[in-house]
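Notes to accompany the following structure.
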Protein chains: 2
Amino acid sequence: MRSIQEILKGRPWLGWLIFLTTVVIVFLLGMLASSIMERRAEAVFAYTPEVKFSGNEPRSSVWGELFPREYDSYLKTADTSFRSKYNGSAMIDMLRESPRMVVLWAGYAFSKEYSQGRGHYHAIDDIRNTLRTGTVPSPQPNTCWTCKSPDVPRLMKETGTAGFYSGTWDTKGSEIINPIGCADCHDAKTMNLHISRPALIEALEAQGRDISKVTHQEMRSLVCAQCHVEYYFNKKKIEGVAYLTFPWKNGTSVEEIEKYYEETGFTDWTHALSRTQMLKAQHPDYEIFLTGVHASRGVSCADCHMPFISEGGQKFTDHHIQSPLNNVANSCQVCHREETEKLISDVYSRQDKIMENRIILETLLVRCHVEAKTAWDLGASEDQMKDILNSIRKAQWRWDFSAAGHGNSFHSPVEVSRIVAGGISFAQDARVQLARVLASLDNNSEIPYPDINTKAKAQAFVGLDLKKFNEEKTSFIETIVPQWLNAGSEREKGYNK
Amino acid sequence: MRSIQEILKGRPWLGWLIFLTTVVIVFLLGMLASSIMERRAEAVFAYTPEVKFSGNEPRSSVWGELFPREYDSYLKTADTSFRSKYNGSAMIDMLRESPRMVVLWAGYAFSKEYSQGRGHYHAIDDIRNTLRTGTVPSPQPNTCWTCKSPDVPRLMKETGTAGFYSGTWDTKGSEIINPIGCADCHDAKTMNLHISRPALIEALEAQGRDISKVTHQEMRSLVCAQCHVEYYFNKKKIEGVAYLTFPWKNGTSVEEIEKYYEETGFTDWTHALSRTQMLKAQHPDYEIFLTGVHASRGVSCADCHMPFISEGGQKFTDHHIQSPLNNVANSCQVCHREETEKLISDVYSRQDKIMENRIILETLLVRCHVEAKTAWDLGASEDQMKDILNSIRKAQWRWDFSAAGHGNSFHSPVEVSRIVAGGISFAQDARVQLARVLASLDNNSEIPYPDINTKAKAQAFVGLDLKKFNEEKTSFIETIVPQWLNAGSEREKGYNK
């Protein structure tokens with residue numbers, strides 16, 4: 001056996017070499033361990049190429065030349081095949097799935113068409129195609145474009161916010177041609193996240209908050225909250241303008257928003273059957289999300305819907321905004337160490353349990369509207385109906401708040417359950433009172449549930465002639481839309497790149 | 001600078017000493033790392049002292065001589081100060097908190113007294129003290145003792161299961177004197193967990209399951225499920241015997257158990273006001289737990305209610321069975337890396353959201369019973385009332401299933417929300433029908449909500465004379481119970497240790 005001494009004999013440098021090599025290896029091992037443990041830190045994206053295009057540039061393809069990976073992943077929002085238990089493929093016709101909704105929205109445009117939205121890439125096509133926007137002149141204001149395009153902040157800079165909201169929806173058809181894209185969430189100078197829509201800033205100001213003081217992590221949700229929220233068109237602010245407003249002044253819970261609407265005397269429409277002054281909830285995704293455990297733990301929208309991915313050794317944010325159920329490995333499994341199928345079945349289980357009672361509430365609301373109509377038909381007085389209609393309004397507001405959001409039952413299952421149960425309770429209150437009013441009008445037997453087991457039957461029941469709407473829409477798409485596209489395309493030729 | 005070579009010169013043993021020392025240190029470091037990472041593995045408790053007492057030994061103090069740490073921690077179940085938002089201290093009088101419950105249980109012993117149970121240590125005192133067990137002869141069968149004492153398996157071996165259940169509750173007063181303890185869950189020979197009560201084994205057999213095939217981790221919940229479950233007294237099995245039975249044959253969900261009761265034509269009691277054939281849910285803790293995410297992730301009851309602790313370098317199971325909210329560090333925080341106050345506020349938030357609608361359901365049920373009584377008083381026919389009473393039965397079953405369990409709103413908040421909403425829906429169905437029946441009997445105005453804002457008023461409202469029950473109970477505790485204790489104590493002197 002040779003001793004270490006013998007091995008080193010005549011080689012004083014060898015001992016030091018071994019020592020120093022060991023020091024370096026240990027140091028590198030430490031760095032590796034640190035890198036593994038804190039891999040999130042890598043996520044900070046430091047590369048910011050020099051931007052030569054205008055801050056108003058609405059074409060994502062132009063931004064995409066500098067950010068090819070983000071742009072390529074954004075283009076995947078064109079993909080319409082995605083995973084969801086209740087929505088097997090894109091553009092599910094929700095009125096076909098639940099013809100009850102036609103009755104719930106009788107007298108309102110949603111009873112004509114309510115289909116699942118597709119990815120952001122299709123935002124402009126989808127808003128042109130829906131029967132709700134009609135043709136020329138449109139029954140809707142330009143406010144309806146607000147969330148659909150990066151042409152919107154460009155135009156708002158030209159016309160002012162109120163100027164943008166003015167006029168009917170068809171009057172800006174040739175101006176707004178680019179679907180939701182880069183400029184909606186990013187500042188062209190710094191590439192930082194920024195809020196391009198005034199409604200969110202105004203809503204935060206109404207709560208006494210300052211958008212310039214929010215953290216980067218909050219911004220990763222707030223850019224989404226520019227659109228994925230409850231809103232209404234305030235027509236009292238400026239004469240003749242449907243001013244986009246988030247009803248957040250009292251807070252963002254279902255009751256706080258309802259209180260806001262009570263205080264401002266707002267009503268979306270008068271129900272065609274029950275004559276109730278109705279509220280329509282608009283996808284209050286962010287509000288519901290705020291009440292859930294993920295928000296409570298500091299998770300942002302982007303963490304799950306736009307998780308970090310790696311490609312060619314580069315880590316970047318996946319701009320293929322989609323359901324995390326399509327992307328469990330990069331979203332859920334960053335924190336949850338369970339199998340994909342297990343995690344998905346947990347989501348479905350929550351949805352099932354909530355859907356069960358949401359459908360009960362829907363059915364009770366159909367009965368409420370039909371029973372109230374019968375009461376009116378039999379000669380009920382305003383005084384007899386006042387409390388009843390108020391309960392119907394509250395019940396349907398709760399149903400809509402729980403049903404209209406994307407992913408509500410996942411984002412905050414206990415809160416959504418609470419809202420649905422509250423809705424059932426208001427519906428029962430309305431129905432008990434209706435039974436008494438009907439009995440006082442000599443009708444003391446059950447009002448038959450209408451035959452509305454298909455969308456067509458339900459639309460006929462509420463007196464809608466879809467044939468006419470469909471024909472007008474087809475003609476509009478074939479004649480008007482190509483003109484819009486041409487005019488828009490000519491206009492964009494003048495943009496400097 | 002001296003080279004390593006020079007240092008080692010003339011000392012060949014020194015190089016090898018440094019090398020071997022390094023090997024040993026690295027090996028120990030590896031063991032330390034492994035110990036830290038897999039500390040759960042330590043939890044296996046290998047020490048099994050030689051047991052000299054009988055397998056039927058009911059006195060936990062005797063077992064405690066061999067397992068002092070477990071016994072000492074078990075004794076802490078005598079502590080009655082514990083944390084809960086709704087139950088600030090032990091033995092909360094639930095009827096005082098919610099006098100509505102008195103009306104819901106009119107005609108049933110629970111309307112006399114329903115107080116929060118204390119720790120296992122008090123099980124015998126509590127069952128003697130409650131007005132529900134009465135005095136001599138008791139209105140209850142011996143079956144009521146089943147979950148209260150390790151004297152029960154001892155007696156069952158002597159009398160057989162059905163023999164044990166026979167006779168009124170007071171007839172075994174001197175036999176059952178030790179509160180819930182060691183022998184209820186442990187086998188005296190192996191100290192392994194074992195099922196000492198036939199009802200659970202019979203229920204699993206009815207589902208086609210074999211208790212001998214379950215895993216150790218399942219046993220860490222099943223020993224609790226001997227008692228913390230929905231059960232009923234089957235009086236059809238053996239003439240004159242209230243045979244303790246878990247209604248699990250169809251499954252353990254609220255609907256599956258309801259279906260079982262429908263199929264077997266079971267009713268706990270006839271409601272004193274509405275004449276509804278009622279079901280009483282008995283703390284279905286295990287059933288609700290099974291539907292929650294903790295069960296789904298393989299967590300057992302003991303993991304949170306009896307977490308491992310260390311004392312004097314020894315790791316053992318904490319037998320101070322209690323709310324994990326009292327013990328967040330050893331229970332929740334083993335998995336959840338959030339601050340204690342944050343975790344507790346999350347639990348309270350779920351409870352609040354569910355409690356809101358549970359109280360609505362309670363209030364609607366009071367109205368149901370009162371309105372049904374009015375209908376009967378006005379001359380309603382059995383035929384008119386049949387469907388209404390069935391809806392009341394279903395509504396209250398759902399209320400009770402959600403309210404009776406310990407910690408339900410935490411164990412499975414979405415499931416409990418679902419059940420409560422279902423209950424509200426059945427209550428609304430009953431009330432709408434009741435409004436029609438009442439109108440047909442010339443009563444078409446709202447039936448006033450009773451003045452039951454205190455327990456005393458509610459008990460007077462349902463015709464209960466508490467004074468008599470209280471006086472009888474006091475006399476019973478002063479005269480009969482000391483006789484039971486003496487007789488029991490004499491008997492135990494004959495036990496060999």
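Residues are referred to by chain and number: the chain letter is A, B, ... according to the order shown in the structure tokens, the number counts from 1 in that chain, and ligands are numbered separately from 1 in the order shown.
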
Helix (DSSP H, G or I) per DSSP on the backbone: members of segment 182-234 of chain B, as a PyMOL selection string: chain B and resi 182-184+198-206+211-213+216-225

Could you give me, as a tab-separated table, every chain A residue with an atom at most 8 Å from chain B, plus its closest atom pair and distance in Å to one decimal, counting only C-alpha atoms, rows ordered by chain then number?
```
residue	atom	partner	partner_atom	distance
A:Ser3	CA	B:Pro12	CA	5.6
A:Ile4	CA	B:Gly15	CA	5.9
A:Gln5	CA	B:Gln5	CA	5.5
A:Leu8	CA	B:Gln5	CA	5.8
A:Lys9	CA	B:Gln5	CA	6.3
A:Pro12	CA	B:Ser3	CA	5.5
A:Trp13	CA	B:Ser3	CA	7.9
A:Gly15	CA	B:Ile4	CA	5.9
A:Trp16	CA	B:Ile4	CA	7.6
A:Arg350	CA	B:Val414	CA	6.8
A:Lys353	CA	B:Arg418	CA	6.0
A:Ile354	CA	B:Arg418	CA	6.6
A:Glu356	CA	B:Arg418	CA	7.9
A:Asn357	CA	B:Ala421	CA	6.6
A:Ile360	CA	B:Ser425	CA	7.6
A:Pro413	CA	B:Val414	CA	6.4
A:Val414	CA	B:Val414	CA	5.6
A:Glu415	CA	B:Lys353	CA	6.8
A:Ser417	CA	B:Ser417	CA	5.8
A:Arg418	CA	B:Lys353	CA	6.0
A:Val420	CA	B:Ala421	CA	7.5
A:Ala421	CA	B:Ala421	CA	4.7
A:Gly422	CA	B:Asn357	CA	6.7
A:Ile424	CA	B:Ser425	CA	6.4
A:Ser425	CA	B:Ile424	CA	6.4
A:Gln428	CA	B:Gln428	CA	4.8
A:Asp429	CA	B:Gln428	CA	7.6
A:Arg431	CA	B:Val432	CA	6.3
A:Val432	CA	B:Val432	CA	4.8
A:Ala435	CA	B:Ala435	CA	6.0
A:Arg436	CA	B:Asn444	CA	5.8
A:Ala439	CA	B:Ala439	CA	6.3
A:Ser440	CA	B:Asn444	CA	7.3
A:Asn444	CA	B:Arg436	CA	5.8
A:Ser445	CA	B:Arg436	CA	7.0
```

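Summary of the local environment: counting only C-alpha atoms, residues at most 7 Å from segment 236-249 of chain A, other than itself and those fewer than 3 positions away along its chain, are Pro141, Thr143, Ala162, Tyr165, Ser166, Ala199, Ala203, Ala206, Gln207, Glu230, Tyr231, Tyr232, Phe233, Thr252, Ile257 and Tyr260 of chain A.
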
Any chance you could export the current selection's N, CA, C and O atoms as a compact mmCIF listing (two decimals), in the first residue's frame?
```
# COMPACT_ATOMS: atom_id res chain seq x y z
N PRO A 141 -73.71 49.22 -28.40
CA PRO A 141 -72.81 50.36 -28.55
C PRO A 141 -71.38 49.92 -28.85
O PRO A 141 -71.04 48.74 -28.69
N THR A 143 -68.99 50.26 -27.08
CA THR A 143 -68.42 49.76 -25.83
C THR A 143 -68.16 48.25 -25.92
O THR A 143 -67.24 47.74 -25.28
N ALA A 162 -64.54 58.29 -23.62
CA ALA A 162 -65.98 58.42 -23.87
C ALA A 162 -66.26 58.46 -25.36
O ALA A 162 -67.25 57.90 -25.84
N TYR A 165 -66.45 54.98 -26.69
CA TYR A 165 -67.67 54.25 -26.33
C TYR A 165 -68.90 54.74 -27.12
O TYR A 165 -69.92 54.07 -27.16
N SER A 166 -68.82 55.93 -27.72
CA SER A 166 -70.00 56.54 -28.37
C SER A 166 -70.35 55.84 -29.68
O SER A 166 -69.48 55.30 -30.37
N ALA A 199 -61.32 51.33 -17.77
CA ALA A 199 -62.35 50.88 -16.82
C ALA A 199 -61.75 50.27 -15.55
O ALA A 199 -62.22 50.54 -14.44
N ALA A 203 -62.04 51.74 -11.84
CA ALA A 203 -62.65 50.90 -10.79
C ALA A 203 -61.75 50.84 -9.56
O ALA A 203 -62.23 50.92 -8.42
N ALA A 206 -61.97 54.05 -7.76
CA ALA A 206 -63.22 54.16 -6.98
C ALA A 206 -63.08 53.46 -5.63
O ALA A 206 -63.76 53.80 -4.66
N GLN A 207 -62.18 52.46 -5.59
CA GLN A 207 -61.91 51.75 -4.33
C GLN A 207 -60.79 52.41 -3.54
O GLN A 207 -60.37 51.89 -2.51
N GLU A 230 -67.00 41.39 -13.88
CA GLU A 230 -68.35 41.92 -14.00
C GLU A 230 -68.25 43.39 -14.39
O GLU A 230 -67.41 44.12 -13.86
N TYR A 231 -69.10 43.82 -15.35
CA TYR A 231 -69.12 45.22 -15.76
C TYR A 231 -70.54 45.60 -16.14
O TYR A 231 -71.42 44.74 -16.25
N TYR A 232 -70.78 46.88 -16.32
CA TYR A 232 -72.06 47.31 -16.89
C TYR A 232 -71.83 48.58 -17.68
O TYR A 232 -70.74 49.17 -17.62
N PHE A 233 -72.83 48.97 -18.47
CA PHE A 233 -72.76 50.18 -19.27
C PHE A 233 -73.48 51.29 -18.51
O PHE A 233 -74.71 51.29 -18.43
N THR A 252 -66.12 43.57 -4.26
CA THR A 252 -66.30 42.74 -5.44
C THR A 252 -67.08 41.44 -5.16
O THR A 252 -67.13 40.55 -6.01
N ILE A 257 -71.58 43.95 -5.04
CA ILE A 257 -71.90 44.45 -6.39
C ILE A 257 -73.41 44.67 -6.51
O ILE A 257 -73.88 45.67 -7.07
N TYR A 260 -74.27 47.85 -4.96
CA TYR A 260 -73.91 48.96 -5.86
C TYR A 260 -75.03 49.21 -6.87
O TYR A 260 -75.45 50.34 -7.10
```

Among the residues A:Asn250, A:Ser489, A:Thr168, A:Asn234, the one that comes closest to Leu204 of chain A [using only C-alpha atoms]: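 Looking only at the distances to Leu204 of chain A, the closest residue turns out to be A:Asn250.
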
Long-range neighbours of Leu104 of chain B as a PyMOL selection string, 9 Å cut-off, only C-alpha atoms, 2 positions minimum in chain: chain B and resi 100-102+106+111+271+362+365-366+369+396

Can you write out the residues you just picked, keeping N, CA and C atoms, as a short mmCIF file (atom, residue, chain, number, x, y, z; two decimals), in the first residue's frame?
```cif
data_model
loop_
_atom_site.label_atom_id
_atom_site.label_comp_id
_atom_site.auth_asym_id
_atom_site.auth_seq_id
_atom_site.Cartn_x
_atom_site.Cartn_y
_atom_site.Cartn_z
N ARG B 100 -83.86 27.34 16.98
CA ARG B 100 -84.58 26.72 15.85
C ARG B 100 -84.53 25.19 15.94
N MET B 101 -83.40 24.68 16.46
CA MET B 101 -83.23 23.23 16.51
C MET B 101 -84.30 22.58 17.39
N VAL B 102 -84.73 23.29 18.42
CA VAL B 102 -85.79 22.75 19.29
C VAL B 102 -87.04 22.46 18.46
N ALA B 106 -88.88 18.77 17.43
CA ALA B 106 -90.06 18.67 18.30
C ALA B 106 -90.59 17.24 18.32
N SER B 111 -84.67 17.67 21.36
CA SER B 111 -85.22 19.00 21.65
C SER B 111 -85.11 19.32 23.15
N HIS B 271 -92.68 13.89 13.69
CA HIS B 271 -92.53 15.26 14.16
C HIS B 271 -93.80 15.74 14.86
N GLU B 362 -82.27 26.11 8.19
CA GLU B 362 -82.90 25.90 9.51
C GLU B 362 -84.18 26.73 9.64
N LEU B 365 -86.95 25.43 7.60
CA LEU B 365 -87.51 24.21 8.17
C LEU B 365 -88.47 24.54 9.32
N VAL B 366 -88.12 25.55 10.12
CA VAL B 366 -89.05 25.99 11.16
C VAL B 366 -90.37 26.38 10.49
N HIS B 369 -92.41 23.28 9.34
CA HIS B 369 -93.11 22.54 10.40
C HIS B 369 -94.32 23.34 10.89
N GLN B 396 -84.97 18.20 5.91
CA GLN B 396 -84.36 18.18 7.24
C GLN B 396 -83.25 17.13 7.33
#
```

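Using only C-alpha atoms, the smallest distance between any of B:Met94, B:Ala109, B:Leu131, B:Ile321 and Asp72 of chain B comes from B:Ile321.
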
Running DSSP on the backbone, which parts of segment 125-328 of chain B land in strand (DSSP E or B), as a compact mmCIF listing (two decimals) with N, CA, C and O atoms, in the first residue's frame?
```
# COMPACT_ATOMS: atom_id res chain seq x y z
N PRO B 141 -82.35 2.67 24.88
CA PRO B 141 -81.86 1.30 25.06
C PRO B 141 -80.38 1.28 25.45
O PRO B 141 -79.68 2.29 25.33
N THR B 168 -83.20 -1.49 28.76
CA THR B 168 -83.10 -0.03 28.78
C THR B 168 -81.74 0.39 29.31
O THR B 168 -81.08 -0.34 30.06
N HIS B 186 -57.36 -0.63 20.46
CA HIS B 186 -56.14 -1.45 20.42
C HIS B 186 -56.38 -2.89 20.84
O HIS B 186 -57.18 -3.16 21.74
N LEU B 193 -53.91 -1.61 15.98
CA LEU B 193 -55.27 -1.07 15.92
C LEU B 193 -56.22 -2.21 15.60
O LEU B 193 -55.91 -3.09 14.78
N TYR B 232 -78.26 3.92 13.00
CA TYR B 232 -79.64 3.91 13.50
C TYR B 232 -79.85 2.64 14.31
O TYR B 232 -79.00 1.74 14.29
N PHE B 233 -80.97 2.60 15.04
CA PHE B 233 -81.30 1.42 15.83
C PHE B 233 -82.29 0.59 15.02
O PHE B 233 -83.45 0.97 14.87
N ASN B 234 -81.82 -0.52 14.50
CA ASN B 234 -82.68 -1.40 13.70
C ASN B 234 -83.49 -2.28 14.65
O ASN B 234 -82.94 -3.15 15.33
N TYR B 243 -80.92 -2.78 17.53
CA TYR B 243 -79.65 -3.27 17.02
C TYR B 243 -78.91 -2.16 16.27
O TYR B 243 -79.40 -1.65 15.27
N LEU B 244 -77.75 -1.80 16.79
CA LEU B 244 -76.97 -0.70 16.20
C LEU B 244 -76.53 -1.05 14.78
O LEU B 244 -75.85 -2.07 14.56
N THR B 245 -76.93 -0.22 13.82
CA THR B 245 -76.67 -0.53 12.41
C THR B 245 -76.24 0.73 11.67
O THR B 245 -76.81 1.80 11.87
N TRP B 269 -88.54 9.32 14.17
CA TRP B 269 -89.68 9.74 14.99
C TRP B 269 -90.67 10.52 14.14
O TRP B 269 -90.35 10.92 13.02
N THR B 270 -91.87 10.69 14.67
CA THR B 270 -92.88 11.49 13.98
C THR B 270 -92.85 12.90 14.56
O THR B 270 -92.93 13.08 15.79
N GLN B 277 -92.65 12.01 9.10
CA GLN B 277 -91.86 10.85 9.52
C GLN B 277 -90.40 11.22 9.35
O GLN B 277 -89.86 11.19 8.25
N MET B 278 -89.75 11.58 10.45
CA MET B 278 -88.43 12.21 10.36
C MET B 278 -87.28 11.21 10.41
O MET B 278 -87.40 10.11 10.95
N PHE B 308 -48.17 12.72 15.03
CA PHE B 308 -46.97 12.29 15.76
C PHE B 308 -46.35 13.47 16.50
O PHE B 308 -46.33 14.58 16.00
N ILE B 309 -45.87 13.19 17.69
CA ILE B 309 -45.10 14.21 18.41
C ILE B 309 -43.84 13.56 18.98
O ILE B 309 -43.75 12.34 19.04
N SER B 310 -42.90 14.38 19.39
CA SER B 310 -41.66 13.88 20.01
C SER B 310 -41.60 14.33 21.44
O SER B 310 -42.00 15.44 21.77
N GLU B 311 -41.08 13.44 22.26
CA GLU B 311 -40.93 13.78 23.68
C GLU B 311 -39.76 12.95 24.19
O GLU B 311 -39.75 11.73 23.98
N GLN B 314 -38.28 10.52 21.85
CA GLN B 314 -39.12 9.41 21.40
C GLN B 314 -40.29 9.95 20.59
O GLN B 314 -40.96 10.89 21.02
N LYS B 315 -40.51 9.38 19.43
CA LYS B 315 -41.64 9.81 18.60
C LYS B 315 -42.82 8.87 18.84
O LYS B 315 -42.67 7.65 18.82
N PHE B 316 -43.99 9.47 19.09
CA PHE B 316 -45.18 8.63 19.32
C PHE B 316 -46.42 9.39 18.88
O PHE B 316 -46.38 10.60 18.60
N THR B 317 -47.53 8.67 18.83
CA THR B 317 -48.81 9.25 18.40
C THR B 317 -49.43 9.99 19.58
O THR B 317 -49.62 9.42 20.65
```

Polymer residues at most 12 Å from Tyr121 of chain B, only C-alpha atoms, same-chain spacing of 4 or more positions, as JSON, numbers by chain: {"B": [59, 60, 61, 71, 72, 73, 74, 75, 76, 77, 78, 79, 80, 117, 125, 126, 127, 148, 149, 150, 177, 178, 179, 180, 181, 182, 319, 320, 321, 322]}
